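So this block is structure.pdb, PDB, C-alpha atoms and all ligand atoms:
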MODEL        1
ATOM      1  CA  MET C   8     -10.655  20.993 -27.135
ATOM      2  CA  PRO C   9     -11.554  17.649 -25.503
ATOM      3  CA  ALA C  10      -8.827  15.867 -23.547
ATOM      4  CA  ARG C  11      -6.444  13.414 -25.120
ATOM      5  CA  ILE C  12      -7.398   9.934 -23.891
ATOM      6  CA  ILE C  13      -4.503   8.008 -22.350
ATOM      7  CA  ASP C  14      -5.129   4.420 -23.431
ATOM      8  CA  GLY C  15      -3.983   2.137 -20.602
ATOM      9  CA  ALA C  16      -5.437  -0.973 -22.194
ATOM     10  CA  ALA C  17      -3.284  -0.524 -25.305
ATOM     11  CA  LEU C  18      -0.103   0.257 -23.371
ATOM     12  CA  ALA C  19      -0.707  -2.692 -21.027
ATOM     13  CA  ALA C  20      -1.173  -5.027 -24.014
ATOM     14  CA  THR C  21       2.158  -3.875 -25.459
ATOM     15  CA  LEU C  22       3.884  -4.319 -22.107
ATOM     16  CA  ARG C  23       2.418  -7.800 -21.655
ATOM     17  CA  THR C  24       3.619  -8.840 -25.114
ATOM     18  CA  GLU C  25       7.122  -7.618 -24.251
ATOM     19  CA  ILE C  26       7.062  -9.461 -20.908
ATOM     20  CA  ALA C  27       5.886 -12.682 -22.589
ATOM     21  CA  ALA C  28       8.830 -12.441 -25.016
ATOM     22  CA  LYS C  29      11.271 -11.946 -22.126
ATOM     23  CA  VAL C  30       9.761 -14.883 -20.217
ATOM     24  CA  ALA C  31      10.079 -17.076 -23.301
ATOM     25  CA  ALA C  32      13.748 -16.071 -23.596
ATOM     26  CA  ALA C  33      14.458 -16.624 -19.877
ATOM     27  CA  GLY C  34      14.761 -20.402 -20.178
ATOM     28  CA  PHE C  35      12.628 -21.126 -17.102
ATOM     29  CA  THR C  36       9.041 -20.596 -15.978
ATOM     30  CA  PRO C  37       8.651 -17.839 -13.345
ATOM     31  CA  VAL C  38       6.183 -18.741 -10.606
ATOM     32  CA  LEU C  39       3.797 -16.251  -8.975
ATOM     33  CA  ALA C  40       1.934 -17.343  -5.829
ATOM     34  CA  VAL C  41      -1.282 -15.416  -5.145
ATOM     35  CA  VAL C  42      -2.829 -15.859  -1.702
ATOM     36  CA  LEU C  43      -6.531 -15.078  -1.358
ATOM     37  CA  VAL C  44      -8.126 -15.178   2.101
ATOM     38  CA  GLY C  45     -11.921 -15.154   2.269
ATOM     39  CA  GLU C  46     -14.651 -14.610  -0.266
ATOM     40  CA  ASP C  47     -14.550 -10.899  -1.107
ATOM     41  CA  PRO C  48     -16.154 -10.880  -4.591
ATOM     42  CA  ALA C  49     -14.030  -7.999  -5.962
ATOM     43  CA  SER C  50     -10.841  -9.684  -4.723
ATOM     44  CA  ARG C  51     -11.844 -12.949  -6.407
ATOM     45  CA  VAL C  52     -12.271 -11.116  -9.718
ATOM     46  CA  TYR C  53      -8.897  -9.373  -9.328
ATOM     47  CA  VAL C  54      -7.145 -12.634  -8.482
ATOM     48  CA  ARG C  55      -8.698 -14.388 -11.481
ATOM     49  CA  THR C  56      -7.578 -11.535 -13.727
ATOM     50  CA  LYS C  57      -3.999 -11.696 -12.384
ATOM     51  CA  ASP C  58      -3.976 -15.493 -12.745
ATOM     52  CA  ARG C  59      -5.079 -15.344 -16.406
ATOM     53  CA  ALA C  60      -2.651 -12.547 -17.285
ATOM     54  CA  ALA C  61       0.245 -14.459 -15.713
ATOM     55  CA  ARG C  62      -0.544 -17.602 -17.690
ATOM     56  CA  GLU C  63      -0.814 -15.628 -20.925
ATOM     57  CA  ALA C  64       2.680 -14.245 -20.287
ATOM     58  CA  GLY C  65       4.117 -17.719 -19.665
ATOM     59  CA  ILE C  66       4.267 -17.202 -15.883
ATOM     60  CA  GLU C  67       2.930 -20.015 -13.719
ATOM     61  CA  ALA C  68       0.288 -18.667 -11.326
ATOM     62  CA  ARG C  69      -0.439 -20.641  -8.171
ATOM     63  CA  THR C  70      -3.542 -19.368  -6.419
ATOM     64  CA  ILE C  71      -3.851 -20.396  -2.786
ATOM     65  CA  SER C  72      -7.406 -19.834  -1.521
ATOM     66  CA  LEU C  73      -7.870 -19.896   2.246
ATOM     67  CA  PRO C  74     -11.105 -19.574   4.231
ATOM     68  CA  ALA C  75     -12.041 -16.248   5.835
ATOM     69  CA  GLU C  76     -11.616 -17.816   9.313
ATOM     70  CA  THR C  77      -7.932 -18.631   8.697
ATOM     71  CA  ALA C  78      -5.854 -17.831  11.799
ATOM     72  CA  LEU C  79      -2.972 -15.392  11.445
ATOM     73  CA  ALA C  80      -0.505 -18.128  12.468
ATOM     74  CA  ASP C  81      -1.729 -20.402   9.677
ATOM     75  CA  LEU C  82      -1.497 -17.618   7.107
ATOM     76  CA  LEU C  83       2.032 -16.809   8.274
ATOM     77  CA  ALA C  84       2.947 -20.499   7.959
ATOM     78  CA  THR C  85       1.624 -20.507   4.381
ATOM     79  CA  ILE C  86       3.762 -17.477   3.569
ATOM     80  CA  GLN C  87       6.818 -19.022   5.211
ATOM     81  CA  ALA C  88       6.373 -22.133   3.054
ATOM     82  CA  LEU C  89       6.230 -19.927  -0.074
ATOM     83  CA  ASN C  90       9.315 -17.986   1.094
ATOM     84  CA  ASP C  91      11.156 -21.291   1.518
ATOM     85  CA  ASP C  92       9.998 -22.801  -1.799
ATOM     86  CA  PRO C  93      12.844 -22.210  -4.282
ATOM     87  CA  ALA C  94      10.425 -22.593  -7.220
ATOM     88  CA  VAL C  95       8.359 -19.567  -6.138
ATOM     89  CA  ASP C  96       9.595 -16.199  -7.448
ATOM     90  CA  GLY C  97       6.815 -13.848  -6.401
ATOM     91  CA  ILE C  98       4.276 -13.755  -3.565
ATOM     92  CA  LEU C  99       1.165 -11.564  -3.532
ATOM     93  CA  VAL C 100      -1.370 -11.579  -0.705
ATOM     94  CA  GLN C 101      -4.561 -10.041  -2.033
ATOM     95  CA  LEU C 102      -5.830  -7.125   0.074
ATOM     96  CA  PRO C 103      -8.035  -6.355   1.883
ATOM     97  CA  LEU C 104      -7.663  -9.241   4.328
ATOM     98  CA  PRO C 105     -10.512 -10.252   6.657
ATOM     99  CA  ARG C 106     -10.770  -7.748   9.509
ATOM    100  CA  CYS C 107      -9.402 -10.074  12.176
ATOM    101  CA  ILE C 108      -6.039 -10.412  10.382
ATOM    102  CA  ASP C 109      -3.411  -7.695  10.803
ATOM    103  CA  PRO C 110      -2.297  -6.964   7.216
ATOM    104  CA  GLN C 111       1.009  -5.455   8.327
ATOM    105  CA  ALA C 112       2.070  -8.666  10.077
ATOM    106  CA  VAL C 113       1.316 -10.565   6.884
ATOM    107  CA  ILE C 114       3.134  -8.149   4.578
ATOM    108  CA  GLU C 115       6.201  -8.148   6.829
ATOM    109  CA  ALA C 116       6.340 -11.956   6.698
ATOM    110  CA  ILE C 117       6.899 -11.954   2.914
ATOM    111  CA  ASP C 118      10.511 -12.342   1.765
ATOM    112  CA  PRO C 119      11.320  -8.817   0.400
ATOM    113  CA  ALA C 120      12.968 -10.436  -2.651
ATOM    114  CA  LYS C 121       9.636 -12.156  -3.482
ATOM    115  CA  ASP C 122       7.452  -9.152  -2.564
ATOM    116  CA  VAL C 123       6.060  -8.371  -6.036
ATOM    117  CA  ASP C 124       3.625  -5.825  -4.535
ATOM    118  CA  GLY C 125       6.484  -3.738  -3.114
ATOM    119  CA  PHE C 126       4.595  -3.436   0.195
ATOM    120  CA  HIS C 127       7.290  -4.869   2.531
ATOM    121  CA  PRO C 128       8.792  -2.109   4.748
ATOM    122  CA  MET C 129      12.205  -2.765   3.207
ATOM    123  CA  ASN C 130      10.876  -2.054  -0.301
ATOM    124  CA  VAL C 131       8.814   0.902   1.013
ATOM    125  CA  GLY C 132      12.037   2.249   2.537
ATOM    126  CA  TYR C 133      14.049   1.943  -0.668
ATOM    127  CA  LEU C 134      11.314   3.827  -2.524
ATOM    128  CA  ALA C 135      11.079   6.520   0.171
ATOM    129  CA  ASP C 136      14.844   6.899  -0.090
ATOM    130  CA  GLY C 137      14.610   7.540  -3.855
ATOM    131  CA  ARG C 138      16.284   4.197  -4.655
ATOM    132  CA  PRO C 139      13.258   2.133  -5.767
ATOM    133  CA  LYS C 140      13.703  -1.652  -5.956
ATOM    134  CA  VAL C 141      10.263  -3.300  -6.120
ATOM    135  CA  VAL C 142       7.670  -0.597  -6.786
ATOM    136  CA  PRO C 143       3.934  -1.103  -6.057
ATOM    137  CA  CYS C 144       2.152  -2.050  -9.275
ATOM    138  CA  THR C 145      -0.496   0.675  -9.535
ATOM    139  CA  PRO C 146       1.823   3.679  -9.025
ATOM    140  CA  LEU C 147       4.387   2.030 -11.299
ATOM    141  CA  GLY C 148       1.686   1.674 -13.960
ATOM    142  CA  VAL C 149       0.737   5.349 -13.565
ATOM    143  CA  MET C 150       4.370   6.425 -14.089
ATOM    144  CA  LYS C 151       4.545   4.312 -17.254
ATOM    145  CA  LEU C 152       1.299   5.917 -18.504
ATOM    146  CA  LEU C 153       2.669   9.426 -17.861
ATOM    147  CA  ARG C 154       5.891   8.553 -19.672
ATOM    148  CA  ALA C 155       4.094   6.986 -22.655
ATOM    149  CA  ALA C 156       1.788  10.007 -22.919
ATOM    150  CA  CYS C 157       4.866  12.303 -22.885
ATOM    151  CA  VAL C 158       3.654  14.134 -19.768
ATOM    152  CA  GLU C 159       6.551  16.137 -18.297
ATOM    153  CA  THR C 160       6.916  15.464 -14.563
ATOM    154  CA  ALA C 161      10.075  17.511 -13.920
ATOM    155  CA  GLY C 162       9.008  20.796 -12.364
ATOM    156  CA  ALA C 163       5.295  19.939 -12.718
ATOM    157  CA  ARG C 164       2.925  20.497  -9.809
ATOM    158  CA  ALA C 165       1.397  17.105  -8.987
ATOM    159  CA  VAL C 166      -1.453  16.516  -6.570
ATOM    160  CA  VAL C 167      -2.071  12.973  -5.344
ATOM    161  CA  LEU C 168      -5.576  12.628  -3.977
ATOM    162  CA  GLY C 169      -5.468   9.820  -1.401
ATOM    163  CA  ARG C 170      -2.769   8.676   1.028
ATOM    164  CA  SER C 171      -3.111   4.884   1.022
ATOM    165  CA  ALA C 172      -0.097   2.609   1.386
ATOM    166  CA  ILE C 173      -1.044   0.872  -1.889
ATOM    167  CA  VAL C 174      -1.381   3.945  -4.111
ATOM    168  CA  GLY C 175      -1.197   7.454  -2.653
ATOM    169  CA  ARG C 176       2.002   7.246  -0.623
ATOM    170  CA  PRO C 177       4.150   5.295  -3.124
ATOM    171  CA  MET C 178       2.712   7.407  -5.973
ATOM    172  CA  SER C 179       3.865  10.594  -4.275
ATOM    173  CA  ARG C 180       7.354   9.170  -3.764
ATOM    174  CA  LEU C 181       7.686   8.164  -7.408
ATOM    175  CA  LEU C 182       6.581  11.624  -8.531
ATOM    176  CA  VAL C 183       9.117  13.277  -6.205
ATOM    177  CA  THR C 184      11.796  10.966  -7.621
ATOM    178  CA  ALA C 185      10.643  12.131 -11.086
ATOM    179  CA  ASP C 186      11.261  15.762 -10.000
ATOM    180  CA  ALA C 187       7.626  16.854  -9.625
ATOM    181  CA  THR C 188       6.481  19.220  -6.862
ATOM    182  CA  VAL C 189       4.109  16.952  -5.003
ATOM    183  CA  THR C 190       1.159  17.510  -2.669
ATOM    184  CA  ILE C 191      -0.689  14.640  -1.012
ATOM    185  CA  ALA C 192      -4.295  15.696  -0.449
ATOM    186  CA  HIS C 193      -6.884  13.672   1.471
ATOM    187  CA  SER C 194     -10.253  13.737   3.196
ATOM    188  CA  LEU C 195      -9.089  16.255   5.836
ATOM    189  CA  THR C 196      -7.377  18.617   3.391
ATOM    190  CA  ARG C 197      -8.903  22.096   3.533
ATOM    191  CA  ASP C 198     -10.560  23.162   0.267
ATOM    192  CA  LEU C 199      -9.803  20.044  -1.762
ATOM    193  CA  PRO C 200     -11.116  21.520  -5.051
ATOM    194  CA  ALA C 201      -8.748  24.500  -4.779
ATOM    195  CA  GLU C 202      -5.816  22.209  -3.944
ATOM    196  CA  CYS C 203      -6.598  20.001  -6.967
ATOM    197  CA  ARG C 204      -6.996  23.003  -9.278
ATOM    198  CA  ARG C 205      -3.312  23.819  -8.722
ATOM    199  CA  ALA C 206      -2.267  20.487 -10.243
ATOM    200  CA  ASP C 207      -0.630  20.082 -13.628
ATOM    201  CA  ILE C 208      -0.897  16.350 -12.898
ATOM    202  CA  LEU C 209      -3.843  15.178 -10.790
ATOM    203  CA  ILE C 210      -3.867  11.576  -9.565
ATOM    204  CA  ALA C 211      -7.216  10.530  -8.084
ATOM    205  CA  ALA C 212      -7.044   7.574  -5.697
ATOM    206  CA  THR C 213      -9.820   8.192  -3.192
ATOM    207  CA  GLY C 214     -12.110   5.212  -3.752
ATOM    208  CA  LYS C 215     -15.021   7.690  -3.903
ATOM    209  CA  PRO C 216     -17.002   7.354  -7.134
ATOM    210  CA  GLU C 217     -16.822  10.408  -9.415
ATOM    211  CA  MET C 218     -15.601  12.638  -6.583
ATOM    212  CA  VAL C 219     -13.411  14.828  -8.799
ATOM    213  CA  ARG C 220     -15.567  17.332 -10.673
ATOM    214  CA  ALA C 221     -14.790  19.586 -13.624
ATOM    215  CA  ASP C 222     -14.167  22.620 -11.395
ATOM    216  CA  TRP C 223     -11.436  20.662  -9.528
ATOM    217  CA  VAL C 224      -9.374  20.387 -12.728
ATOM    218  CA  LYS C 225      -6.973  23.034 -14.021
ATOM    219  CA  PRO C 226      -7.599  23.575 -17.764
ATOM    220  CA  GLY C 227      -5.123  21.459 -19.738
ATOM    221  CA  ALA C 228      -4.069  19.318 -16.734
ATOM    222  CA  THR C 229      -3.343  15.603 -16.949
ATOM    223  CA  VAL C 230      -5.891  13.614 -14.935
ATOM    224  CA  ILE C 231      -5.095  10.041 -13.904
ATOM    225  CA  ASP C 232      -8.012   8.103 -12.424
ATOM    226  CA  VAL C 233      -6.975   5.175 -10.211
ATOM    227  CA  GLY C 234     -10.509   4.452  -8.973
ATOM    228  CA  ILE C 235     -12.670   1.500  -9.933
ATOM    229  CA  ASN C 236     -16.133   1.734  -8.397
ATOM    230  CA  ARG C 237     -19.322  -0.046  -9.312
ATOM    231  CA  ARG C 238     -22.524   2.019  -9.307
ATOM    232  CA  PRO C 239     -25.734   0.329  -8.044
ATOM    233  CA  ASN C 240     -26.814   0.031 -11.708
ATOM    234  CA  GLY C 241     -23.659  -2.019 -12.411
ATOM    235  CA  ARG C 242     -21.794   0.721 -14.296
ATOM    236  CA  LEU C 243     -18.053   0.962 -13.582
ATOM    237  CA  VAL C 244     -16.883   4.477 -12.780
ATOM    238  CA  GLY C 245     -13.643   5.967 -11.529
ATOM    239  CA  ASP C 246     -12.945   8.557  -8.845
ATOM    240  CA  VAL C 247     -13.254  11.218 -11.560
ATOM    241  CA  ALA C 248     -16.483  12.437 -13.183
ATOM    242  CA  TYR C 249     -15.114  11.494 -16.595
ATOM    243  CA  ASP C 250     -17.233  13.366 -19.141
ATOM    244  CA  GLU C 251     -17.169  16.749 -17.453
ATOM    245  CA  CYS C 252     -13.465  16.504 -16.500
ATOM    246  CA  ALA C 253     -12.500  15.392 -20.027
ATOM    247  CA  ALA C 254     -13.961  18.682 -21.275
ATOM    248  CA  VAL C 255     -11.432  20.615 -19.128
ATOM    249  CA  ALA C 256      -8.351  18.368 -18.898
ATOM    250  CA  GLY C 257      -5.570  18.171 -21.460
ATOM    251  CA  ALA C 258      -5.251  14.401 -21.081
ATOM    252  CA  ILE C 259      -7.210  11.844 -19.048
ATOM    253  CA  THR C 260      -7.342   8.110 -18.369
ATOM    254  CA  PRO C 261     -10.681   6.328 -18.852
ATOM    255  CA  VAL C 262     -12.282   3.785 -16.487
ATOM    256  CA  PRO C 263     -12.208   1.000 -17.438
ATOM    257  CA  GLY C 264      -9.199   0.846 -19.775
ATOM    258  CA  GLY C 265      -6.868   3.263 -17.990
ATOM    259  CA  VAL C 266      -4.857   2.459 -14.884
ATOM    260  CA  GLY C 267      -6.424  -0.957 -14.140
ATOM    261  CA  PRO C 268      -4.809  -2.907 -16.999
ATOM    262  CA  MET C 269      -1.447  -1.280 -16.199
ATOM    263  CA  THR C 270      -1.569  -2.580 -12.617
ATOM    264  CA  VAL C 271      -1.850  -6.132 -13.921
ATOM    265  CA  ALA C 272       0.915  -5.656 -16.494
ATOM    266  CA  CYS C 273       3.218  -4.191 -13.835
ATOM    267  CA  LEU C 274       2.584  -7.171 -11.558
ATOM    268  CA  LEU C 275       3.856  -9.414 -14.357
ATOM    269  CA  GLU C 276       6.877  -7.148 -14.820
ATOM    270  CA  ASN C 277       7.648  -7.217 -11.076
ATOM    271  CA  THR C 278       7.337 -11.014 -11.090
ATOM    272  CA  LEU C 279       9.714 -11.374 -14.027
ATOM    273  CA  THR C 280      12.181  -8.938 -12.439
ATOM    274  CA  ALA C 281      12.077 -10.859  -9.147
ATOM    275  CA  ALA C 282      12.533 -14.156 -10.984
ATOM    276  CA  LEU C 283      15.497 -12.913 -13.013
ATOM    277  CA  SER C 284      17.298 -11.433 -10.017
ATOM    278  CA  ARG C 285      16.632 -14.464  -7.776
ATOM    279  CA  ARG C 286      17.873 -16.876 -10.421
ATOM    280  CA  ALA C 287      20.807 -14.775 -11.679
TER     281      ALA C 287
HETATM  282  N1  LIG T   1      -5.886  -4.904  -3.452
HETATM  283  C1  LIG T   1      -6.106  -3.819  -4.240
HETATM  284  N2  LIG T   1      -4.990  -3.505  -4.931
HETATM  285  C2  LIG T   1      -4.041  -4.402  -4.575
HETATM  286  C3  LIG T   1      -2.687  -4.591  -4.956
HETATM  287  O1  LIG T   1      -2.103  -3.850  -5.757
HETATM  288  N3  LIG T   1      -2.055  -5.641  -4.365
HETATM  289  C4  LIG T   1      -2.668  -6.437  -3.457
HETATM  290  N4  LIG T   1      -1.960  -7.427  -2.928
HETATM  291  N5  LIG T   1      -3.926  -6.295  -3.082
HETATM  292  C5  LIG T   1      -4.610  -5.274  -3.642
ENDMDL
END
What does this structure look like when you write it as structure tokens?
Ligand code: GUN
Amino acid sequence: MPARIIDGAALAATLRTEIAAKVAAAGFTPVLAVVLVGEDPASRVYVRTKDRAAREAGIEARTISLPAETALADLLATIQALNDDPAVDGILVQLPLPRCIDPQAVIEAIDPAKDVDGFHPMNVGYLADGRPKVVPCTPLGVMKLLRAACVETAGARAVVLGRSAIVGRPMSRLLVTADATVTIAHSLTRDLPAECRRADILIAATGKPEMVRADWVKPGATVIDVGINRRPNGRLVGDVAYDECAAVAGAITPVPGGVGPMTVACLLENTLTAALSRRA
């Protein structure tokens, strides 16, 4: 039987409608500041998408575009000004930053209460401690997809493929908090296919196009594809070879239309949450 398709686009649309209603009821306009340094084409697309989604939800998006040569001190001064601006509820610095800028120094400069990415060490610490406050948007979106698709996490064996600070690490912590038995696998893991085949829930976040093949998937498993990669012919593909894995999995997210739209919706949710708690 072919896999059930987990429709992230539909769930994200529902979530965005709910957020827009809550924003309308809030009695003020939340403000999200998005800082983009340099000209990375993919980052520009992502920032435009976030900007449009915020506006549609009634959130004011302020995009601050800085040249690739911006000095770290100037970027930190920009962030300090946003920290100090009482009108600004959320701050997001689009990653990756140009190579000469230390991303950690930038992330640590953001006021943790305005850190809508959940990347500040204080928010990372709360999550690691099982007391999540601001949760990174992509893993948060994955948890919402699992919940909406009625995928049981308690007692399930989950394998997270990838150990990035943006996805893999926070994803694993959320799954542990949801009572899964979690393995983080990565490029140096011995026998990756065998490790993945043990998973009831397989989360692919490697950034390697169509890396996960049908024989990596346990029959009936839930496969969540975090990847967005563009093939030379322009086709968007995930980290999972979709057609062949859908023939084995019990449920699977498509690319596009799976995790991506949920990331954007969760950014809006984090912004609203930050705004409501700051202004309470
Ligand atoms: N680049 C890729 N994903 C993300 C994200 O979730 N947040 C930020 N700030 N940059 C990213």
Next on the checklist: Once the PyMOL selection byres (((chain C and resi 219) around 6) and not hetatm) has been evaluated on this model, what residues remain selected, and can you format them as a ChimeraX atom specification?
Outcome noted: /C:217-218,220,247-248
For this file, the PyMOL selection byres (((not hetatm)) within 6 of (chain T and resi 1)) selects which residues, as a compact mmCIF listing (two decimals) with C-alpha atoms, keeping the file's coordinate frame?
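Wrote out_12.txt, looks like this:
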# COMPACT_ATOMS: atom_id res chain seq x y z
CA LEU C 99 1.16 -11.56 -3.53
CA VAL C 100 -1.37 -11.58 -0.70
CA GLN C 101 -4.56 -10.04 -2.03
CA LEU C 102 -5.83 -7.12 0.07
CA PRO C 103 -8.04 -6.36 1.88
CA ASP C 124 3.62 -5.82 -4.54
CA CYS C 144 2.15 -2.05 -9.28
Proximity of region 29-82 of chain C to region 93-97 of chain C: per-residue shortest pair, 8 Å limit, all atoms listed in the file, as a tab-separated table:
residue	atom	partner	partner_atom	distance
C:Pro37	CA	C:Asp96	CA	6.2
C:Val38	CA	C:Val95	CA	5.0
C:Leu39	CA	C:Gly97	CA	4.6
C:Ala40	CA	C:Gly97	CA	6.0
Neighbour list for Gly264 (chain C) as an mmCIF file with C-alpha atoms, in the frame of the given file, cut-off 6 Å, only C-alpha atoms, skip fewer than 3 positions in-chain:
data_model
loop_
_atom_site.group_PDB
_atom_site.id
_atom_site.type_symbol
_atom_site.label_atom_id
_atom_site.label_comp_id
_atom_site.auth_asym_id
_atom_site.auth_seq_id
_atom_site.Cartn_x
_atom_site.Cartn_y
_atom_site.Cartn_z
ATOM 1 C CA GLY C 15 -3.983 2.137 -20.602
ATOM 2 C CA ALA C 16 -5.437 -0.973 -22.194
ATOM 3 C CA PRO C 261 -10.681 6.328 -18.852
#
Next on the checklist: For the provided coordinates, the residues matched by the PyMOL selection byres (((chain C and resi 152) around 10) and not hetatm) should be stated as a list in words.
Outcome noted: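 Evaluating the PyMOL selection byres (((chain C and resi 152) around 10) and not hetatm) on these coordinates yields Ile13, Asp14, Gly15, Leu18, Ala19, Pro146, Leu147, Gly148, Val149, Met150, Lys151, Leu153, Arg154, Ala155, Ala156, Cys157, Val158, Ile231, Thr260, Gly265, Val266 and Met269 of chain C.
CA of Ala161 (chain C) is positioned 5.0 Å from CA of Ala187 (chain C).
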Item to check | C:Glu115, C:Arg51, C:Thr56, C:Pro128 ranked by distance to Gly267 (chain C), top pick (using all atoms listed in the file) | outcome: C:Thr56
Next on the checklist: So that I can check the surroundings of Ser179 (chain C), please list as a ChimeraX atom specification every protein, DNA and RNA residue that reaches within 9 Å of it, counting all atoms listed in the file and ignoring chain neighbours fewer than 5 positions away.
Outcome noted: /C:146,165-167,170,174,184,189-191
Checklist entry - With distances taken over all atoms listed in the file, which of C:Val113, C:Glu63, C:His193, C:Ala31 is nearest to Asp81 (chain C)? => result C:Val113
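Our summary of the geometry notes that CA of Gly245 (chain C) is positioned 5.7 Å from CA of Pro216 (chain C).
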Checklist entry - Do you have the CA of Ile210 (chain C)-CA of Asp246 (chain C) distance handy? => result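 Between CA of Ile210 (chain C) and CA of Asp246 (chain C) the gap is 9.6 Å.
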Expected residue set, 9 Å radius at (-14.3, 11.4, -19.1), only C-alpha atoms, as a CSV table (one decimal) with C-alpha atoms, keeping the file's coordinate frame:
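The result, stored in point_10.csv:
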chain,number,residue,atom,x,y,z
C,10,ALA,CA,-8.8,15.9,-23.5
C,12,ILE,CA,-7.4,9.9,-23.9
C,247,VAL,CA,-13.3,11.2,-11.6
C,248,ALA,CA,-16.5,12.4,-13.2
C,249,TYR,CA,-15.1,11.5,-16.6
C,250,ASP,CA,-17.2,13.4,-19.1
C,251,GLU,CA,-17.2,16.7,-17.5
C,252,CYS,CA,-13.5,16.5,-16.5
C,253,ALA,CA,-12.5,15.4,-20.0
C,254,ALA,CA,-14.0,18.7,-21.3
C,259,ILE,CA,-7.2,11.8,-19.0
C,260,THR,CA,-7.3,8.1,-18.4
C,261,PRO,CA,-10.7,6.3,-18.9
C,262,VAL,CA,-12.3,3.8,-16.5
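Across C:Ala84, C:Leu243, C:Ala28, C:Ile208, the tightest approach to Pro226 (chain C) is made by C:Ile208 when counting all atoms listed in the file.
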Name all residues at most 12 Å from Arg205 (chain C) (count only C-alpha atoms; drop same-chain ones fewer than 5 positions away) and give them as a short mmCIF file (atom, residue, chain, number, x, y, z; two decimals) with C-alpha atoms, in the frame of the given file.
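What landed in out_10.cif:
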data_model
loop_
_atom_site.label_atom_id
_atom_site.label_comp_id
_atom_site.auth_asym_id
_atom_site.auth_seq_id
_atom_site.Cartn_x
_atom_site.Cartn_y
_atom_site.Cartn_z
CA ALA C 163 5.30 19.94 -12.72
CA ARG C 164 2.92 20.50 -9.81
CA ALA C 165 1.40 17.10 -8.99
CA VAL C 166 -1.45 16.52 -6.57
CA VAL C 167 -2.07 12.97 -5.34
CA THR C 188 6.48 19.22 -6.86
CA VAL C 189 4.11 16.95 -5.00
CA THR C 190 1.16 17.51 -2.67
CA ALA C 192 -4.30 15.70 -0.45
CA ASP C 198 -10.56 23.16 0.27
CA LEU C 199 -9.80 20.04 -1.76
CA PRO C 200 -11.12 21.52 -5.05
CA ASP C 222 -14.17 22.62 -11.40
CA TRP C 223 -11.44 20.66 -9.53
CA VAL C 224 -9.37 20.39 -12.73
CA LYS C 225 -6.97 23.03 -14.02
CA PRO C 226 -7.60 23.58 -17.76
CA GLY C 227 -5.12 21.46 -19.74
CA ALA C 228 -4.07 19.32 -16.73
CA THR C 229 -3.34 15.60 -16.95
#
Checklist entry - Between C:Val233, C:Val52, C:Ala68, C:Ile98, which one has atoms that come closest to Leu209 (chain C), using all atoms listed in the file? => result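 When distances to Leu209 (chain C) are compared using all atoms listed in the file, the smallest one comes from C:Val233.
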